[in-house]
$ cat structure.txt   # compact mmCIF, C-alpha atoms
# COMPACT_ATOMS: atom_id res chain seq x y z
CA MET L 1 -115.06 -65.71 80.06
CA LEU L 2 -112.22 -63.46 78.92
CA LEU L 3 -109.15 -65.49 78.09
CA THR L 4 -105.85 -64.88 76.32
CA SER L 5 -106.96 -62.07 74.02
CA THR L 6 -108.24 -60.05 76.97
CA VAL L 7 -105.03 -60.62 78.92
CA PHE L 8 -102.78 -59.21 76.24
CA ILE L 9 -105.07 -56.29 75.45
CA ALA L 10 -105.03 -55.43 79.16
CA SER L 11 -101.24 -55.67 79.32
CA CYS L 12 -100.95 -52.91 76.70
CA GLU L 13 -102.87 -50.28 78.69
CA LYS L 14 -100.99 -47.05 79.31
CA PRO L 15 -99.52 -46.96 82.83
CA ASN L 16 -100.53 -44.12 85.13
CA VAL L 17 -98.34 -44.69 88.21
CA ARG L 18 -94.60 -43.94 88.19
CA MET L 19 -91.97 -44.70 90.83
CA HIS L 20 -88.69 -42.80 91.17
CA THR L 21 -85.87 -43.75 93.54
CA ILE L 22 -82.97 -41.40 94.34
CA ILE L 23 -79.76 -42.75 95.88
CA ARG L 24 -77.88 -39.99 97.69
CA GLU L 25 -74.13 -39.84 98.21
CA ASP L 26 -74.57 -40.06 101.99
CA GLY L 27 -76.50 -43.33 101.68
CA TRP L 28 -79.96 -41.91 102.32
CA ILE L 29 -82.65 -42.93 99.83
CA GLU L 30 -85.59 -40.89 98.59
CA ARG L 31 -88.55 -42.57 96.92
CA LYS L 32 -91.36 -40.86 95.03
CA ILE L 33 -94.61 -42.24 93.64
CA THR L 34 -96.50 -40.06 91.14
CA TYR L 35 -99.90 -40.58 89.52
CA SER L 36 -102.35 -38.41 87.58
CA THR L 37 -106.12 -38.40 87.20
CA ILE L 38 -108.69 -36.26 85.43
CA MET L 39 -110.86 -34.34 87.91
CA SER L 40 -113.35 -31.70 86.84
CA GLN L 41 -113.81 -28.55 88.90
CA GLU L 42 -117.13 -29.92 90.19
CA MET L 43 -115.45 -33.14 91.29
CA ARG L 44 -112.65 -31.27 93.05
CA ASP L 45 -115.16 -29.04 94.84
CA SER L 46 -117.14 -32.04 96.07
CA LEU L 47 -114.12 -34.07 97.26
CA TRP L 48 -111.81 -31.34 98.53
CA ASP L 49 -112.35 -28.97 101.42
CA GLY L 50 -112.54 -25.55 99.78
CA ASP L 51 -109.15 -24.35 98.54
CA ASN L 52 -107.28 -27.11 100.41
CA VAL L 53 -105.78 -29.24 97.66
CA CYS L 54 -105.86 -32.95 98.53
CA TRP L 55 -104.92 -36.10 96.67
CA ALA L 56 -105.88 -36.85 93.11
CA GLU L 57 -108.92 -39.11 93.14
CA PRO L 58 -109.33 -41.99 92.78
CA VAL L 59 -106.06 -43.27 94.26
CA PRO L 60 -104.80 -46.21 92.15
CA GLU L 61 -105.37 -49.59 93.79
CA CYS L 62 -101.72 -50.51 93.35
CA LEU L 63 -100.55 -47.87 95.86
CA ASN L 64 -99.88 -48.45 99.55
CA ILE L 65 -100.44 -44.88 100.71
CA ASN L 66 -99.33 -45.70 104.27
CA ALA L 67 -95.74 -46.00 103.07
CA PHE L 68 -95.16 -42.29 102.52
CA MET L 69 -94.32 -39.29 104.66
CA GLY L 70 -95.06 -36.32 102.41
CA THR L 71 -97.62 -35.46 99.76
CA HIS L 72 -97.72 -32.84 97.04
CA THR L 73 -100.50 -32.25 94.48
CA ASP L 74 -100.40 -30.12 91.34
CA VAL L 75 -103.46 -29.04 89.34
CA GLU L 76 -103.19 -28.12 85.67
CA GLY L 77 -106.59 -27.68 84.10
CA ASP L 78 -108.50 -30.85 84.92
CA THR L 79 -105.31 -32.92 85.26
CA VAL L 80 -104.46 -33.52 88.91
CA THR L 81 -101.07 -35.03 89.76
CA THR L 82 -100.19 -36.26 93.24
CA THR L 83 -96.70 -37.21 94.40
CA PHE L 84 -96.07 -39.22 97.56
CA THR L 85 -92.53 -39.05 98.96
CA GLY L 86 -90.54 -40.94 101.56
CA LEU L 87 -86.99 -40.47 102.88
CA PHE L 88 -85.17 -43.47 104.32
CA ARG L 89 -81.88 -44.00 106.13
CA SER L 90 -81.22 -47.35 104.48
CA PRO L 91 -82.58 -49.65 101.76
CA GLU L 92 -83.83 -52.02 104.47
CA GLU L 93 -85.93 -49.26 106.03
CA MET L 94 -87.24 -48.31 102.59
CA CYS L 95 -88.35 -51.87 101.81
CA GLU L 96 -90.21 -52.08 105.11
CA GLN L 97 -92.42 -49.29 103.76
CA THR L 98 -93.59 -51.04 100.59
CA PRO L 99 -95.14 -48.45 98.23
CA LEU L 100 -96.81 -50.86 95.82
CA GLN L 101 -99.44 -53.54 96.19
CA LEU L 102 -101.08 -56.07 93.90
CA ASN L 103 -104.45 -57.69 94.57
CA GLY L 104 -104.41 -56.23 98.06
CA ARG L 105 -101.03 -57.77 98.90
CA HIS L 106 -97.97 -55.63 99.43
CA LEU L 107 -95.45 -56.11 96.64
CA GLN L 108 -92.50 -57.09 98.79
CA SER L 109 -88.96 -56.24 97.81
CA THR L 110 -85.48 -56.43 99.28
CA ALA L 111 -82.72 -53.96 98.48
CA LYS L 112 -79.08 -53.33 99.27
CA LEU L 113 -76.71 -50.44 98.72
CA GLU L 114 -72.95 -50.85 98.83
CA LYS L 115 -70.40 -48.03 98.85
CA LYS L 116 -66.82 -48.87 97.93
CA PHE L 117 -64.42 -46.05 98.75
CA ARG L 118 -61.30 -45.60 96.68
CA TRP L 119 -58.96 -42.66 96.96
CA PHE L 120 -59.97 -41.06 93.68
CA TYR L 121 -63.60 -42.22 93.59
CA THR L 122 -66.43 -44.01 95.40
CA GLU L 123 -68.47 -46.65 93.64
CA TYR L 124 -72.15 -47.21 94.47
CA TYR L 125 -73.80 -50.56 93.83
CA TYR L 126 -77.59 -50.71 94.16
CA GLU L 127 -79.78 -53.78 93.86
CA GLU L 128 -83.51 -54.22 94.44
CA THR L 129 -85.39 -57.49 94.06
CA PHE L 130 -89.18 -57.66 93.81
CA ASN L 131 -90.79 -60.91 94.92
CA THR L 132 -92.45 -63.11 92.33
CA VAL L 133 -96.22 -63.50 92.04
CA ALA L 134 -95.99 -66.98 90.53
CA ASP L 135 -98.12 -68.41 93.34
CA THR L 136 -101.11 -66.58 91.83
CA PHE L 137 -101.25 -69.32 89.20
CA LYS L 138 -101.84 -72.91 90.34
CA LEU L 139 -100.45 -74.46 87.17
CA PRO L 140 -96.70 -73.66 86.88
CA ALA L 141 -95.59 -72.16 83.59
CA THR L 142 -92.67 -74.58 83.46
CA ASN L 143 -95.21 -77.38 82.90
CA TYR L 144 -95.72 -75.90 79.42
CA ALA L 145 -92.29 -74.64 78.34
CA ASP L 146 -88.65 -74.52 79.43
CA GLN L 147 -87.74 -72.04 82.14
CA ASP L 148 -85.63 -70.00 79.71
CA VAL L 149 -88.57 -69.70 77.29
CA ILE L 150 -90.95 -68.56 80.05
CA SER L 151 -88.38 -66.13 81.43
CA TYR L 152 -87.68 -64.63 78.01
CA TRP L 153 -91.37 -64.27 77.17
CA PHE L 154 -92.15 -62.29 80.31
CA THR L 155 -88.84 -60.53 81.06
CA GLY L 156 -86.75 -60.53 77.88
CA GLN L 157 -83.97 -62.40 79.69
CA PRO L 158 -82.08 -64.49 78.72
CA ASN L 159 -82.03 -63.11 75.20
CA LEU L 160 -83.04 -66.16 73.17
CA LEU L 161 -83.09 -64.12 69.94
CA GLU L 162 -79.44 -63.09 70.07
CA GLY L 163 -77.78 -63.63 66.71
CA LEU L 164 -81.04 -64.33 64.87
CA ASN L 165 -82.26 -62.34 61.89
CA GLY L 166 -85.82 -61.04 61.61
CA SER L 167 -87.38 -64.13 60.04
CA GLU L 168 -85.58 -66.50 62.42
CA ALA L 169 -86.64 -64.44 65.44
CA SER L 170 -90.24 -64.33 64.20
CA GLU L 171 -90.30 -68.10 63.78
CA LYS L 172 -88.90 -68.67 67.27
CA ILE L 173 -91.46 -66.34 68.85
CA ARG L 174 -94.25 -67.96 66.84
CA LYS L 175 -93.39 -71.28 68.46
CA MET L 176 -93.31 -69.78 71.96
CA GLU L 177 -96.65 -67.98 71.88
CA PRO L 178 -98.99 -71.04 71.79
CA LEU L 179 -97.21 -72.48 74.84
CA VAL L 180 -97.79 -69.31 76.86
CA ASP L 181 -101.37 -69.01 75.57
CA GLN L 182 -102.15 -72.54 76.69
CA TRP L 183 -100.67 -71.92 80.14
CA ILE L 184 -102.78 -68.78 80.64
CA ASN L 185 -105.97 -70.40 79.32
CA ASP L 186 -105.56 -73.53 81.43
CA ASN L 187 -104.98 -71.46 84.56
CA LEU L 188 -108.08 -69.32 83.98
CA VAL L 189 -110.25 -72.34 83.24
CA LYS L 190 -108.91 -74.16 86.31
CA MET L 191 -109.66 -71.10 88.42
CA CYS L 192 -113.22 -71.15 87.10
CA PHE L 193 -113.64 -74.86 87.81
CA ASP L 194 -112.15 -74.62 91.29
CA TYR L 195 -114.47 -71.74 92.16
CA ILE L 196 -117.53 -73.65 91.00
CA VAL L 197 -116.44 -76.78 92.89
CA ASN L 198 -115.88 -74.76 96.08
CA HIS L 199 -119.41 -73.32 95.75
CA TYR L 200 -121.12 -76.40 94.41
CA ASP L 201 -123.54 -76.58 97.32
CA SER L 202 -124.96 -73.23 96.18
CA ILE L 203 -126.16 -74.63 92.85
CA GLN L 204 -129.86 -75.30 92.62
CA ASN L 205 -130.72 -78.64 90.97
CA PRO L 206 -127.26 -79.36 89.51
CA PRO L 207 -127.40 -81.74 86.51
CA VAL L 208 -124.55 -83.84 87.96
CA ASP L 209 -123.12 -84.27 91.44
CA LYS L 210 -119.82 -82.67 92.47
CA GLU L 211 -117.76 -85.82 91.87
CA LYS L 212 -119.13 -86.20 88.35
CA PHE L 213 -118.52 -82.51 87.64
CA VAL L 214 -114.88 -82.88 88.69
CA ALA L 215 -114.51 -85.95 86.46
CA LEU L 216 -115.87 -83.99 83.48
CA GLN L 217 -113.52 -81.02 83.84
CA ASP L 218 -111.10 -82.08 81.09
CA SER L 219 -113.90 -82.61 78.57
CA LEU L 220 -115.54 -79.32 79.50
CA ALA L 221 -112.20 -77.49 79.24
CA LYS L 222 -111.79 -78.71 75.66
CA SER L 223 -115.25 -77.36 74.88
CA LEU L 224 -114.44 -73.95 76.39
CA LEU L 225 -111.08 -73.70 74.60
CA LYS L 226 -112.12 -75.17 71.28
CA ASP L 227 -111.47 -71.86 69.47
CA GLY L 228 -107.97 -71.43 70.84
CA GLY L 229 -108.81 -69.41 73.91
CA VAL L 230 -110.63 -66.43 72.43
CA ASP L 231 -113.67 -64.87 74.08
CA VAL L 232 -116.44 -67.39 74.63
CA ASP L 233 -119.89 -67.29 76.21
CA ALA L 234 -119.14 -69.53 79.17
CA ALA L 235 -122.79 -69.69 80.33
CA GLU L 236 -123.84 -70.87 76.88
CA GLU L 237 -121.05 -73.46 76.72
CA PHE L 238 -121.95 -74.82 80.16
CA ALA L 239 -125.63 -74.99 79.17
CA LYS L 240 -124.83 -76.90 75.98
CA PHE L 241 -122.48 -79.30 77.73
CA PHE L 242 -124.76 -80.16 80.67
CA HIS L 243 -128.13 -79.44 78.97
CA SER L 244 -128.94 -77.25 81.95
CA ASN L 245 -128.83 -73.58 83.00
CA ALA L 246 -127.94 -74.48 86.59
CA TYR L 247 -124.46 -72.92 86.25
CA ALA L 248 -125.70 -69.64 84.75
CA PRO L 249 -125.47 -67.69 88.08
CA PHE L 250 -121.68 -68.12 88.02
CA PHE L 251 -121.50 -66.06 84.83
CA ASP L 252 -123.93 -63.33 85.82
CA ASP L 253 -122.26 -60.35 87.50
CA LYS L 254 -125.57 -59.43 89.13
CA THR L 255 -125.49 -62.54 91.33
CA PRO L 256 -123.19 -63.11 94.35
CA LEU L 257 -121.72 -66.19 92.67
CA GLY L 258 -121.02 -64.24 89.48
CA GLN L 259 -119.46 -61.36 91.38
CA GLY L 260 -117.21 -63.75 93.27
CA LEU L 261 -116.03 -65.46 90.10
CA SER L 262 -115.39 -62.09 88.43
CA GLU L 263 -113.25 -61.04 91.41
CA GLU L 264 -111.19 -64.21 91.14
CA LEU L 265 -110.73 -63.62 87.42
CA SER L 266 -109.68 -60.02 88.08
CA LYS L 267 -106.94 -61.20 90.45
CA LYS L 268 -105.38 -63.14 87.61
CA LEU L 269 -105.80 -60.36 85.04
CA ASN L 270 -104.46 -57.73 87.45
CA ILE L 271 -101.04 -59.34 87.11
CA PHE L 272 -101.03 -58.38 83.43
CA TRP L 273 -102.52 -54.92 84.05
CA PHE L 274 -99.88 -54.03 86.64
CA SER L 275 -97.29 -51.69 85.11
CA VAL L 276 -95.25 -49.09 87.00
CA PRO L 277 -92.39 -47.38 85.12
CA TYR L 278 -89.45 -47.36 87.54
CA THR L 279 -86.71 -44.73 87.33
CA LEU L 280 -83.51 -44.71 89.36
CA GLU L 281 -81.16 -41.81 90.03
CA MET L 282 -77.65 -42.74 91.15
CA PRO L 283 -74.83 -40.52 92.49
CA GLY L 284 -72.21 -39.46 89.98
CA MET L 285 -71.68 -41.16 86.61
CA ILE L 286 -73.59 -44.34 85.83
CA LEU L 287 -71.24 -47.19 84.93
CA ASN L 288 -73.74 -50.01 84.52
CA PRO L 289 -77.56 -49.67 84.37
CA GLY L 290 -78.19 -53.43 84.48
CA THR L 291 -81.27 -54.18 82.39
CA GLY L 292 -82.31 -50.52 82.43
CA VAL L 293 -81.90 -47.78 79.83
CA ILE L 294 -80.12 -44.49 80.58
CA LYS L 295 -81.90 -41.30 79.50
CA ASP L 296 -80.61 -37.88 80.61
CA GLY L 297 -78.68 -39.45 83.48
CA ILE L 298 -81.71 -41.38 84.80
CA ILE L 299 -82.05 -45.18 84.55
CA HIS L 300 -85.42 -46.42 83.28
CA TYR L 301 -86.75 -49.90 84.08
CA SER L 302 -90.04 -51.65 83.29
CA LEU L 303 -91.64 -52.95 86.47
CA THR L 304 -94.61 -55.02 85.31
CA GLY L 305 -96.64 -57.88 86.69
CA GLU L 306 -95.52 -60.04 83.76
CA ARG L 307 -91.89 -59.68 84.83
CA LEU L 308 -92.82 -61.05 88.25
CA ILE L 309 -94.32 -64.26 86.87
CA PRO L 310 -91.24 -66.42 86.12
CA GLY L 311 -89.49 -65.53 89.39
CA ASP L 312 -88.13 -62.66 91.45
CA TYR L 313 -87.36 -59.56 89.37
CA THR L 314 -84.07 -57.80 90.14
CA ILE L 315 -82.81 -54.41 89.02
CA THR L 316 -79.18 -53.39 89.48
CA ALA L 317 -77.10 -50.30 88.86
CA VAL L 318 -73.52 -49.18 89.42
CA SER L 319 -72.28 -45.58 89.51
CA ARG L 320 -69.12 -43.72 90.41
CA VAL L 321 -68.55 -40.41 92.15
CA THR L 322 -65.17 -38.86 91.36
CA HIS L 323 -63.35 -37.16 94.26
CA VAL L 324 -62.05 -33.88 92.89
CA TRP L 325 -60.52 -33.13 96.27
CA ALA L 326 -58.46 -36.32 96.02
CA PHE L 327 -56.89 -35.15 92.78
CA VAL L 328 -56.17 -31.73 94.30
CA VAL L 329 -54.61 -33.27 97.41
CA THR L 330 -52.58 -35.71 95.32
CA ILE L 331 -51.25 -32.90 93.13
CA LEU L 332 -50.36 -30.84 96.19
CA ILE L 333 -48.53 -33.79 97.73
CA VAL L 334 -46.62 -34.40 94.50
CA LEU L 335 -45.71 -30.72 94.22
CA ALA L 336 -44.66 -30.67 97.87
CA ALA L 337 -42.51 -33.74 97.32
CA ILE L 338 -40.87 -32.17 94.26
CA PHE L 339 -40.29 -28.93 96.14
CA LEU L 340 -38.77 -30.80 99.09
CA PHE L 341 -36.52 -32.81 96.78
CA ILE L 342 -35.28 -29.66 95.05
CA TYR L 343 -34.87 -27.82 98.36
CA GLN L 344 -32.84 -30.60 99.90
CA GLY L 345 -30.68 -30.82 96.79
CA ARG L 346 -29.85 -27.14 96.97
CA ARG L 347 -28.95 -27.39 100.68
CA LYS L 348 -26.47 -30.16 99.96
CA LYS L 349 -24.73 -27.92 97.45
$ encode --input "structure.txt" --output "structure tokens"
Amino acid sequence: MLLTSTVFIASCEKPNVRMHTIIREDGWIERKITYSTIMSQEMRDSLWDGDNVCWAEPVPECLNINAFMGTHTDVEGDTVTTTFTGLFRSPEEMCEQTPLQLNGRHLQSTAKLEKKFRWFYTEYYYEETFNTVADTFKLPATNYADQDVISYWFTGQPNLLEGLNGSEASEKIRKMEPLVDQWINDNLVKMCFDYIVNHYDSIQNPPVDKEKFVALQDSLAKSLLKDGGVDVDAAEEFAKFFHSNAYAPFFDDKTPLGQGLSEELSKKLNIFWFSVPYTLEMPGMILNPGTGVIKDGIIHYSLTGERLIPGDYTITAVSRVTHVWAFVVTILIVLAAIFLFIYQGRRKK
């Protein structure tokens, strides 16, 4: 059973999928999803029809390919990069075509775009909120730590380290980590127990009946987590605890029961694997990137499964487009007014 150590190793994997959203001055929105894979010439020849370039294979599981209108693929050596694009009249239409999915479920989001016209400029306010995946975990994180602690750990907000020096920040984080570790471990162990209970009738010659097994869950959990949630041989621990190998099929990937349990475990770990760098391009000059970082006029956000755990994850941005024509018209009006004033003054003389 892979517990906390596996989760955090998985969360550090290099992301391969990138999402880029472009807000146009006329209110239309363009969205692009790009991913790259390594495909040898032999692989391309076997999967593609002659010289007709198709998608990079395999397509990442986190993509909802039905959400896009256009496709473009570039080949550079054995690196194949595919870009899916979609053009939408409004943010509502864009969100109906969800481009991302997690554990087979579309990653739902809601978005809004507001344009505020002023004579000399127009301000654009964009907001997109991605729905939380907290329901993936039966045990709420707030049972283990305060909401602010959980939110900071997974999203960085609110900034609980503000004003602290290095040693003080390290001490505060050191106190947070065991709480999060325990929450993750308990959820994974509960998932394991629930799966076994739901399939208890499939066990041949169980050492105890289902009711007794349920009653022993707390004691068994302590045995599984005795080393602080590192990797353990679950089959061996179960055998020692019950003096029986009856539960071994649940921890053997070659059996249907083992495959089913592995799939359930993957659904939990996929939350921590999910990472899609999100970039946003706004009209004009960016005034406020929200929680993002501006690089070369593009706002960069981190859209990860971890950020969806405490609650809905919202990105915001504000930009301003200056109306050069408004300045020109204003100057012309002022000059015309001055000219008229002078002209009328001369006529009176």
$ atom_distance --input "structure.txt" --atom1 "CA of Ala111 (chain L)" --atom2 "CA of Phe88 (chain L)"
12.3 Å
$ residues_around --input "structure.txt" --residues "Ile150 (chain L)" --least-positions-apart "6" --cutoff "12 Å" --atoms "only C-alpha atoms" --output "PyMOL selection string"
chain L and resi 134+140-144+156-160+173+176-181+183-184+306-311
$ atom_distance --input "structure.txt" --atom1 "CA of Ala215 (chain L)" --atom2 "CA of Asp194 (chain L)"
12.5 Å
$ closest_atom_pairs --input "structure.txt" --of "region 64-120 of chain L" --to "region 270-278 of chain L" --cutoff "12 Å" --atoms "only C-alpha atoms" --output "JSON lines"
{"residue": "L:Pro99", "atom": "CA", "partner": "L:Val276", "partner_atom": "CA", "distance": 11.2}
{"residue": "L:Leu100", "atom": "CA", "partner": "L:Val276", "partner_atom": "CA", "distance": 9.1}
{"residue": "L:Gln101", "atom": "CA", "partner": "L:Phe274", "partner_atom": "CA", "distance": 9.6}
{"residue": "L:Leu102", "atom": "CA", "partner": "L:Asn270", "partner_atom": "CA", "distance": 7.5}
{"residue": "L:Asn103", "atom": "CA", "partner": "L:Asn270", "partner_atom": "CA", "distance": 7.1}
{"residue": "L:Gly104", "atom": "CA", "partner": "L:Asn270", "partner_atom": "CA", "distance": 10.7}
{"residue": "L:Arg105", "atom": "CA", "partner": "L:Ile271", "partner_atom": "CA", "distance": 11.9}
{"residue": "L:Leu107", "atom": "CA", "partner": "L:Phe274", "partner_atom": "CA", "distance": 11.1}
$ closest_residue --input "structure.txt" --among "L:Val133, L:Lys112, L:Gly27, L:Val75" --to "Leu87 (chain L)" --atoms "all atoms listed in the file"
L:Gly27
$ atom_distance --input "structure.txt" --atom1 "CA of Ser36 (chain L)" --atom2 "CA of Val17 (chain L)"
7.5 Å
$ axis_aligned_box --input "structure.txt" --around "region 287-298 of chain L" --padding-each-side "5 Å" --output "AutoDock Vina command-line options"
--center_x -76.8 --center_y -46.0 --center_z 82.2 --size_x 21.1 --size_y 26.3 --size_z 15.4
$ residues_around --input "structure.txt" --residues "Pro58 (chain L)" --least-positions-apart "6" --cutoff "12 Å" --atoms "only C-alpha atoms" --output "list in words"
Asn16, Tyr35, Ser36, Thr37, Ile38, Met39, Met43, Arg44, Leu47, Val80, Thr81 and Thr82 of chain L
